[in-house]
Amino acid sequence: MSTTTVAHDEVHHDHPTGIMRWLTTTNHKDIGTMYLTFSLVMFLVGGAMVLGIRAELFQPGLQLMNPDFYNQLIGVHALIMIFAALMPAATGFANWMIPLQIGAPDMALPRLNNWGFWLLPPSAILLTLPFTLALFGIGDGAIATGWTFYPPLSVQGGIGVDFAIFAVHLLGVSSVMGSINIIVTLFNMRAPGMTLMKMPMFAWGWLITAFLLVATIPVLAGAVTMLLTDRHFGTHFFDAAGGGDPIMFQHLFWFFGHPEVYILLLPVWGFIPQILQTFSRKPMYGYKAQVYSLWAIGALAVVVWAHHFFTAGMPVPALLYFMYSTMAISLPLAVLFFCWIKTMWKGSMTFET
């Protein structure tokens, strides 16, 4: 009895407390809480920026800021809201809920989980530091190209573009680490009897999201790295004067950029049927149909990117292909909507929280 008590006391005293607990934690709930807290802070930062944008647009003419500073607000706001607010929020919910939903004690790779989060604060500093310094008249400001980094403007921009490129690299590495962790957890950590086709829809939505992130983030990383070498190392990947092709950057960027829409939506589309079946007080309608529809949406998401630049001069057969593939993605989405409506149909709806 005394030996057991001593051992328990030693474990208790060795457990980090205070700030070290959060720096070193591998608990999925702690890490999920940190993701959600970080997301909320960055949402407030990005929201403050958009208030400046709307104040400037309140009436015609220049009231509060010069055009270049306005463009910086647009670029930094967009990058923060997409990469530093929405995506960490989704990852935070995944950390909290996925182990609980599949009966796992924790995420499969807990240390990787910790490292994935702690890449986010440095990336936030890289995104916001040039903008903050510009407020005090130091430096040439943040990225002013919008979140798309389109050349030639991004090739000619100031050092804020370089900061944004490195921030996107860190954010991308964090997302890939989190995605690998989620994939391994869902395949290897399910409780006995929890088959893939018994997983909650939120887990399915995040599994497909994780595969999309692993497939598309490296393409974005390659595109912005090529942009960096164009800026500083004499390459001409996107410089038309040197034989490069600016449109190639658009292809590379939107190969990530369009799936990013579904990366943000698929976890939500996993949440919705679980919420509806709870508050309709009846079983979910069309579970398998919804799973297959989510997979179809994920597959189509990576083959429709060029509808973002239809006017860029692509050949007509390519335009037709991207038009029809874009229209096709509405079919599995319609299946989801039908299943959600059928779940609510004749249910005992209740609206308390």
# chains A, B, ... in the order shown; residues from 1 in each chain; ligands from 1

call {"tool": "residues_around", "arguments": {"residues": "segment 289-302 of chain A", "least_positions_apart": "4", "cutoff": "10 Å", "atoms": "only C-alpha atoms", "output": "number ranges by chain"}}
result
A: 197, 199-201, 204-205, 207-209, 211-212, 215-216, 254-263, 266-267, 269-270, 273, 284-285, 325-326, 328-340

call {"tool": "residues_around", "arguments": {"residues": "Val168 of chain A", "least_positions_apart": "5", "cutoff": "12 Å", "atoms": "only C-alpha atoms", "output": "number ranges by chain"}}
result
A: 76, 79-80, 82-84, 119-120, 122-127, 147-149, 161-163, 173-175, 217-225

call {"tool": "write_last_selection", "arguments": {"atoms": "N, CA and C atoms", "output": "JSON list (two decimals), in the first residue's frame"}}
result
[["chain", "number", "residue", "atom", "x", "y", "z"],
["A", 76, "VAL", "N", -3.52, 40.74, -44.94],
["A", 76, "VAL", "CA", -3.25, 40.14, -43.63],
["A", 76, "VAL", "C", -4.55, 39.62, -43.01],
["A", 79, "LEU", "N", -5.42, 36.20, -44.70],
["A", 79, "LEU", "CA", -4.53, 35.12, -44.29],
["A", 79, "LEU", "C", -4.79, 34.71, -42.83],
["A", 80, "ILE", "N", -5.02, 35.70, -41.97],
["A", 80, "ILE", "CA", -5.29, 35.39, -40.57],
["A", 80, "ILE", "C", -6.59, 34.60, -40.43],
["A", 82, "ILE", "N", -8.28, 32.77, -42.56],
["A", 82, "ILE", "CA", -8.30, 31.44, -43.16],
["A", 82, "ILE", "C", -7.33, 30.50, -42.45],
["A", 83, "PHE", "N", -6.07, 30.91, -42.35],
["A", 83, "PHE", "CA", -5.03, 30.01, -41.86],
["A", 83, "PHE", "C", -4.87, 30.01, -40.34],
["A", 84, "ALA", "N", -5.17, 31.14, -39.70],
["A", 84, "ALA", "CA", -4.88, 31.26, -38.27],
["A", 84, "ALA", "C", -6.13, 31.31, -37.40],
["A", 119, "LEU", "N", 3.71, 25.45, -33.57],
["A", 119, "LEU", "CA", 4.15, 26.15, -34.78],
["A", 119, "LEU", "C", 3.24, 27.35, -35.09],
["A", 120, "LEU", "N", 2.06, 27.39, -34.48],
["A", 120, "LEU", "CA", 1.11, 28.45, -34.81],
["A", 120, "LEU", "C", 1.49, 29.83, -34.27],
["A", 122, "PRO", "N", 4.49, 31.26, -33.66],
["A", 122, "PRO", "CA", 5.50, 31.93, -34.51],
["A", 122, "PRO", "C", 4.95, 32.37, -35.86],
["A", 123, "SER", "N", 4.06, 31.55, -36.43],
["A", 123, "SER", "CA", 3.49, 31.94, -37.72],
["A", 123, "SER", "C", 2.60, 33.17, -37.59],
["A", 124, "ALA", "N", 1.89, 33.29, -36.49],
["A", 124, "ALA", "CA", 1.06, 34.48, -36.26],
["A", 124, "ALA", "C", 1.94, 35.72, -36.12],
["A", 125, "ILE", "N", 3.09, 35.56, -35.46],
["A", 125, "ILE", "CA", 4.02, 36.69, -35.33],
["A", 125, "ILE", "C", 4.55, 37.10, -36.70],
["A", 126, "LEU", "N", 4.90, 36.11, -37.53],
["A", 126, "LEU", "CA", 5.40, 36.42, -38.87],
["A", 126, "LEU", "C", 4.35, 37.14, -39.70],
["A", 127, "LEU", "N", 3.09, 36.76, -39.54],
["A", 127, "LEU", "CA", 2.02, 37.40, -40.32],
["A", 127, "LEU", "C", 1.77, 38.83, -39.89],
["A", 147, "TRP", "N", -4.69, 37.48, -50.24],
["A", 147, "TRP", "CA", -4.24, 36.18, -49.74],
["A", 147, "TRP", "C", -3.77, 35.27, -50.86],
["A", 148, "THR", "N", -3.94, 35.68, -52.13],
["A", 148, "THR", "CA", -3.62, 34.80, -53.25],
["A", 148, "THR", "C", -2.17, 34.89, -53.72],
["A", 149, "PHE", "N", -1.41, 35.89, -53.27],
["A", 149, "PHE", "CA", 0.02, 36.02, -53.62],
["A", 149, "PHE", "C", 0.26, 36.14, -55.13],
["A", 161, "VAL", "N", 5.93, 40.35, -47.97],
["A", 161, "VAL", "CA", 5.61, 39.15, -48.74],
["A", 161, "VAL", "C", 6.45, 37.97, -48.24],
["A", 162, "ASP", "N", 7.74, 38.22, -47.96],
["A", 162, "ASP", "CA", 8.61, 37.15, -47.45],
["A", 162, "ASP", "C", 8.12, 36.65, -46.09],
["A", 163, "PHE", "N", 7.73, 37.57, -45.23],
["A", 163, "PHE", "CA", 7.20, 37.17, -43.93],
["A", 163, "PHE", "C", 5.96, 36.30, -44.11],
["A", 173, "VAL", "N", 2.90, 23.35, -42.43],
["A", 173, "VAL", "CA", 3.51, 22.23, -41.72],
["A", 173, "VAL", "C", 2.64, 21.82, -40.54],
["A", 174, "SER", "N", 2.12, 22.81, -39.81],
["A", 174, "SER", "CA", 1.24, 22.52, -38.68],
["A", 174, "SER", "C", 0.01, 21.75, -39.14],
["A", 175, "SER", "N", -0.59, 22.18, -40.24],
["A", 175, "SER", "CA", -1.80, 21.51, -40.74],
["A", 175, "SER", "C", -1.51, 20.08, -41.17],
["A", 217, "ILE", "N", -1.56, 20.89, -49.38],
["A", 217, "ILE", "CA", -0.64, 21.82, -48.72],
["A", 217, "ILE", "C", 0.75, 21.79, -49.35],
["A", 218, "PRO", "N", 1.32, 20.62, -49.70],
["A", 218, "PRO", "CA", 2.66, 20.63, -50.34],
["A", 218, "PRO", "C", 2.67, 21.39, -51.66],
["A", 219, "VAL", "N", 1.55, 21.39, -52.39],
["A", 219, "VAL", "CA", 1.50, 22.15, -53.65],
["A", 219, "VAL", "C", 1.57, 23.64, -53.37],
["A", 220, "LEU", "N", 0.83, 24.10, -52.37],
["A", 220, "LEU", "CA", 0.91, 25.51, -51.98],
["A", 220, "LEU", "C", 2.32, 25.86, -51.51],
["A", 221, "ALA", "N", 2.92, 24.98, -50.72],
["A", 221, "ALA", "CA", 4.28, 25.23, -50.23],
["A", 221, "ALA", "C", 5.25, 25.35, -51.39],
["A", 222, "GLY", "N", 5.11, 24.47, -52.39],
["A", 222, "GLY", "CA", 5.97, 24.55, -53.56],
["A", 222, "GLY", "C", 5.77, 25.84, -54.33],
["A", 223, "ALA", "N", 4.51, 26.27, -54.47],
["A", 223, "ALA", "CA", 4.22, 27.50, -55.22],
["A", 223, "ALA", "C", 4.84, 28.72, -54.56],
["A", 224, "VAL", "N", 4.66, 28.86, -53.23],
["A", 224, "VAL", "CA", 5.21, 30.04, -52.57],
["A", 224, "VAL", "C", 6.73, 29.96, -52.45],
["A", 225, "THR", "N", 7.29, 28.76, -52.44],
["A", 225, "THR", "CA", 8.76, 28.64, -52.46],
["A", 225, "THR", "C", 9.31, 29.09, -53.81]]

call {"tool": "select_by_dssp", "arguments": {"residues": "segment 22-236 of chain A", "states": "alpha helix (DSSP H)", "output": "ChimeraX atom specification"}}
result
/A:22-24,28-56,67-79,87-102,110-118,120-135,153-156,159-188,201-232

call {"tool": "closest_residue", "arguments": {"among": "A:Pro60, A:Gly116, A:Gly92, A:Gly243", "to": "Leu171 of chain A", "atoms": "only C-alpha atoms"}}
result
A:Gly116

call {"tool": "closest_residue", "arguments": {"among": "A:Gly32, A:Thr37, A:Ala312, A:Asn71", "to": "Met49 of chain A", "atoms": "only C-alpha atoms"}}
result
A:Asn71

call {"tool": "residues_around", "arguments": {"residues": "Ala318 of chain A", "least_positions_apart": "5", "cutoff": "10 Å", "atoms": "only C-alpha atoms", "output": "count of residues only"}}
result
4

call {"tool": "closest_residue", "arguments": {"among": "A:Ala167, A:Leu320, A:Ile180, A:Ile53", "to": "Trp206 of chain A", "atoms": "only C-alpha atoms"}}
result
A:Ile180

call {"tool": "residues_around", "arguments": {"residues": "Ile31 of chain A", "least_positions_apart": "2", "cutoff": "9 Å", "atoms": "only C-alpha atoms", "output": "ChimeraX atom specification"}}
result
/A:22,25-29,33-36,92,95-96,113-114,117

call {"tool": "closest_residue", "arguments": {"among": "A:Phe166, A:Tyr70, A:Phe202, A:Phe238", "to": "Thr91 of chain A", "atoms": "only C-alpha atoms"}}
result
A:Phe202
